[in-house]
Amino acid sequence: MAEQRPFRQGDIYWVDDFPPLHGETAKRRPVAVVSSAAMLRRDEYVLVVACTSSVLPSDTEAVELPNTGTTPQARSGLIRRTWAVPSWWLPARREQLTEYAGFIRGDVLRRVVDAAWKHIGISPERDSGAP
């Protein structure tokens, strides 16, 4: 079995059988890692925010992520318009995050992390530096 790459805040992974959101059935969807580097070193779980390609009007904090459909140089690994929905956060088991797609950084990552951590109820710890 290949060794899994280290997790980083801002990484995008695909997760199979993600728990239902808004009454849907479980399905495959992308998630964004919001755990800080310190949390990733010490915690068993990885805090993630679920992403969707069909944002609802009630999801006012949704953050649109870069995608190669509108920005060919995007590094997220997403091919169509996709939004991170900060209220859809949860702790994921590390073994659930097996298919790395890409990453987000900069202002987009800051907005996702700040909004997610507000929902989680803790102060944001943002990682610095590029991949």
# chains A, B, ... in the order shown; residues from 1 in each chain; ligands from 1
>>> residues_around(residues="stretch 67-70 of chain A", least_positions_apart="6", cutoff="9 Å", atoms="only C-alpha atoms", output="mmCIF file with C-alpha atoms, in the first residue's frame")
data_model
loop_
_atom_site.group_PDB
_atom_site.id
_atom_site.type_symbol
_atom_site.label_atom_id
_atom_site.label_comp_id
_atom_site.auth_asym_id
_atom_site.auth_seq_id
_atom_site.Cartn_x
_atom_site.Cartn_y
_atom_site.Cartn_z
ATOM 1 C CA SER A 76 -7.843 22.716 -6.480
ATOM 2 C CA GLY A 77 -8.354 19.685 -8.706
ATOM 3 C CA LEU A 78 -12.003 20.695 -9.122
ATOM 4 C CA ILE A 79 -13.283 20.830 -12.699
ATOM 5 C CA ARG A 80 -16.570 22.714 -12.227
ATOM 6 C CA ARG A 81 -17.993 25.462 -10.034
ATOM 7 C CA THR A 82 -17.834 24.258 -6.441
#
>>> residues_around(residues="stretch 98-114 of chain A", least_positions_apart="2", cutoff="7 Å", atoms="only C-alpha atoms", output="MDAnalysis selection string")
chainID A and resid 10:14 34 63 65 75:77 84 86 95:96 116:118 124
>>> write_last_selection(atoms="N, CA, C and O atoms", output="short mmCIF file (atom, residue, chain, number, x, y, z; two decimals), in the first residue's frame")
data_model
loop_
_atom_site.label_atom_id
_atom_site.label_comp_id
_atom_site.auth_asym_id
_atom_site.auth_seq_id
_atom_site.Cartn_x
_atom_site.Cartn_y
_atom_site.Cartn_z
N GLY A 10 -6.09 23.38 3.71
CA GLY A 10 -6.35 23.82 2.34
C GLY A 10 -6.36 22.70 1.33
O GLY A 10 -6.75 22.91 0.18
N ASP A 11 -5.93 21.50 1.72
CA ASP A 11 -5.99 20.36 0.80
C ASP A 11 -7.44 20.04 0.47
O ASP A 11 -8.33 20.16 1.31
N ILE A 12 -7.65 19.59 -0.76
CA ILE A 12 -8.96 19.13 -1.21
C ILE A 12 -8.86 17.62 -1.45
O ILE A 12 -7.95 17.15 -2.13
N TYR A 13 -9.78 16.87 -0.84
CA TYR A 13 -9.85 15.41 -1.02
C TYR A 13 -11.25 15.04 -1.45
O TYR A 13 -12.22 15.74 -1.14
N TRP A 14 -11.36 13.94 -2.16
CA TRP A 14 -12.66 13.34 -2.47
C TRP A 14 -12.94 12.29 -1.40
O TRP A 14 -12.06 11.53 -1.02
N VAL A 34 -9.58 21.96 7.01
CA VAL A 34 -9.47 23.23 7.74
C VAL A 34 -8.65 23.08 9.02
O VAL A 34 -8.38 24.08 9.68
N VAL A 63 -18.31 29.55 0.15
CA VAL A 63 -17.17 30.19 -0.50
C VAL A 63 -16.90 29.45 -1.81
O VAL A 63 -16.63 28.25 -1.79
N LEU A 65 -14.87 28.01 -4.71
CA LEU A 65 -13.48 27.56 -4.81
C LEU A 65 -13.00 27.68 -6.25
O LEU A 65 -13.79 27.57 -7.19
N ARG A 75 -5.44 25.10 -8.90
CA ARG A 75 -4.75 23.93 -8.36
C ARG A 75 -5.63 23.12 -7.41
O ARG A 75 -5.15 22.24 -6.72
N SER A 76 -6.93 23.41 -7.41
CA SER A 76 -7.84 22.72 -6.48
C SER A 76 -8.15 21.29 -6.91
O SER A 76 -8.62 20.49 -6.10
N GLY A 77 -7.98 20.99 -8.19
CA GLY A 77 -8.35 19.69 -8.71
C GLY A 77 -9.83 19.58 -9.01
O GLY A 77 -10.32 18.52 -9.42
N ALA A 84 -17.36 25.63 -0.96
CA ALA A 84 -17.17 25.07 0.38
C ALA A 84 -18.26 25.67 1.25
O ALA A 84 -18.49 26.89 1.21
N PRO A 86 -19.12 26.23 4.94
CA PRO A 86 -18.52 26.14 6.28
C PRO A 86 -19.39 25.51 7.36
O PRO A 86 -18.87 24.88 8.28
N GLU A 95 -8.31 7.83 7.36
CA GLU A 95 -8.40 6.82 6.31
C GLU A 95 -9.53 7.11 5.31
O GLU A 95 -9.57 6.52 4.24
N GLN A 96 -10.45 8.03 5.63
CA GLN A 96 -11.49 8.43 4.68
C GLN A 96 -10.92 9.34 3.59
O GLN A 96 -11.50 9.45 2.52
N ALA A 116 -15.51 28.40 8.86
CA ALA A 116 -15.66 27.06 9.43
C ALA A 116 -15.38 27.08 10.93
O ALA A 116 -16.14 26.51 11.72
N TRP A 117 -14.29 27.74 11.30
CA TRP A 117 -13.93 27.75 12.72
C TRP A 117 -14.94 28.51 13.57
O TRP A 117 -15.13 28.21 14.74
N LYS A 118 -15.62 29.48 12.96
CA LYS A 118 -16.70 30.18 13.68
C LYS A 118 -17.81 29.17 14.00
O LYS A 118 -18.34 29.15 15.11
N PRO A 124 -9.49 30.60 14.72
CA PRO A 124 -8.76 30.07 13.57
C PRO A 124 -7.25 30.00 13.79
O PRO A 124 -6.66 30.89 14.36
#
>>> select_by_dssp(residues="chain A", states="strand (DSSP E)", output="PyMOL selection string")
chain A and resi 11-18+27-33+45-52+63-65+82-93+99-103
>>> select_by_dssp(residues="chain A", states="helix (DSSP H, G or I)", output="list in words")
Ala37, Ala38, Met39, Leu40, Arg41, Arg42, Arg94, Glu95, Gln96, Gly106, Asp107, Val108, Leu109, Arg110, Arg111, Val112, Val113, Asp114, Ala115, Ala116, Trp117, Lys118, His119 and Ile120 of chain A
>>> write_last_selection(atoms="C-alpha atoms", output="tab-separated table (two decimals), in the first residue's frame")
chain	number	residue	atom	x	y	z
A	37	ALA	CA	-0.72	22.08	11.04
A	38	ALA	CA	-0.62	21.85	14.84
A	39	MET	CA	-3.98	20.07	14.93
A	40	LEU	CA	-2.91	17.71	12.15
A	41	ARG	CA	0.18	16.73	14.18
A	42	ARG	CA	-1.72	16.01	17.39
A	94	ARG	CA	-7.75	10.05	8.20
A	95	GLU	CA	-8.40	6.82	6.31
A	96	GLN	CA	-11.49	8.43	4.68
A	106	GLY	CA	-4.60	32.61	0.06
A	107	ASP	CA	-7.77	34.61	0.57
A	108	VAL	CA	-10.07	31.74	-0.43
A	109	LEU	CA	-8.52	29.48	2.22
A	110	ARG	CA	-8.67	32.26	4.84
A	111	ARG	CA	-12.39	32.78	4.18
A	112	VAL	CA	-13.16	29.04	4.37
A	113	VAL	CA	-11.12	28.54	7.57
A	114	ASP	CA	-12.48	31.65	9.34
A	115	ALA	CA	-16.10	30.75	8.59
A	116	ALA	CA	-15.66	27.06	9.43
A	117	TRP	CA	-13.93	27.75	12.72
A	118	LYS	CA	-16.70	30.18	13.68
A	119	HIS	CA	-19.16	27.29	13.28
A	120	ILE	CA	-16.88	24.91	15.14
>>> closest_residue(among="A:Ala92, A:Ile122, A:Ala74, A:Val55", to="A:Ala32", atoms="only C-alpha atoms")
A:Ala92
>>> residues_around(residues="A:Leu97", least_positions_apart="4", cutoff="12 Å", atoms="only C-alpha atoms", output="list in words")
Gln4, Arg5, Pro6, Phe7, Arg8, Asp11, Ile12, Tyr13, Trp14, Val15, Asp16, Asp17, Phe18, Arg28, Arg29, Pro30, Val31, Ala32, Val33, Tyr45, Val46, Leu47, Val48, Pro91, Ala92, Arg93 and Ala101 of chain A
>>> write_last_selection(atoms="C-alpha atoms", output="compact mmCIF listing (two decimals), in the first residue's frame")
# COMPACT_ATOMS: atom_id res chain seq x y z
CA GLN A 4 -0.41 8.64 2.17
CA ARG A 5 0.80 12.19 1.59
CA PRO A 6 0.84 14.44 4.66
CA PHE A 7 -2.34 16.43 5.24
CA ARG A 8 -2.21 20.22 4.96
CA ASP A 11 -5.99 20.36 0.80
CA ILE A 12 -8.96 19.13 -1.21
CA TYR A 13 -9.85 15.41 -1.02
CA TRP A 14 -12.66 13.34 -2.47
CA VAL A 15 -14.62 11.33 0.11
CA ASP A 16 -16.87 8.40 -0.78
CA ASP A 17 -20.16 7.89 1.07
CA PHE A 18 -20.05 11.32 2.68
CA ARG A 28 -19.04 11.11 -3.14
CA ARG A 29 -18.05 14.75 -2.64
CA PRO A 30 -14.98 16.95 -2.24
CA VAL A 31 -13.96 18.29 1.16
CA ALA A 32 -11.49 21.00 2.18
CA VAL A 33 -9.14 20.43 5.14
CA TYR A 45 -9.28 13.30 13.18
CA VAL A 46 -9.01 15.89 10.40
CA LEU A 47 -11.51 18.76 10.42
CA VAL A 48 -13.01 19.16 6.95
CA PRO A 91 -14.16 15.56 11.88
CA ALA A 92 -13.13 12.94 9.31
CA ARG A 93 -11.12 9.82 9.94
CA ALA A 101 -7.48 16.32 -5.60
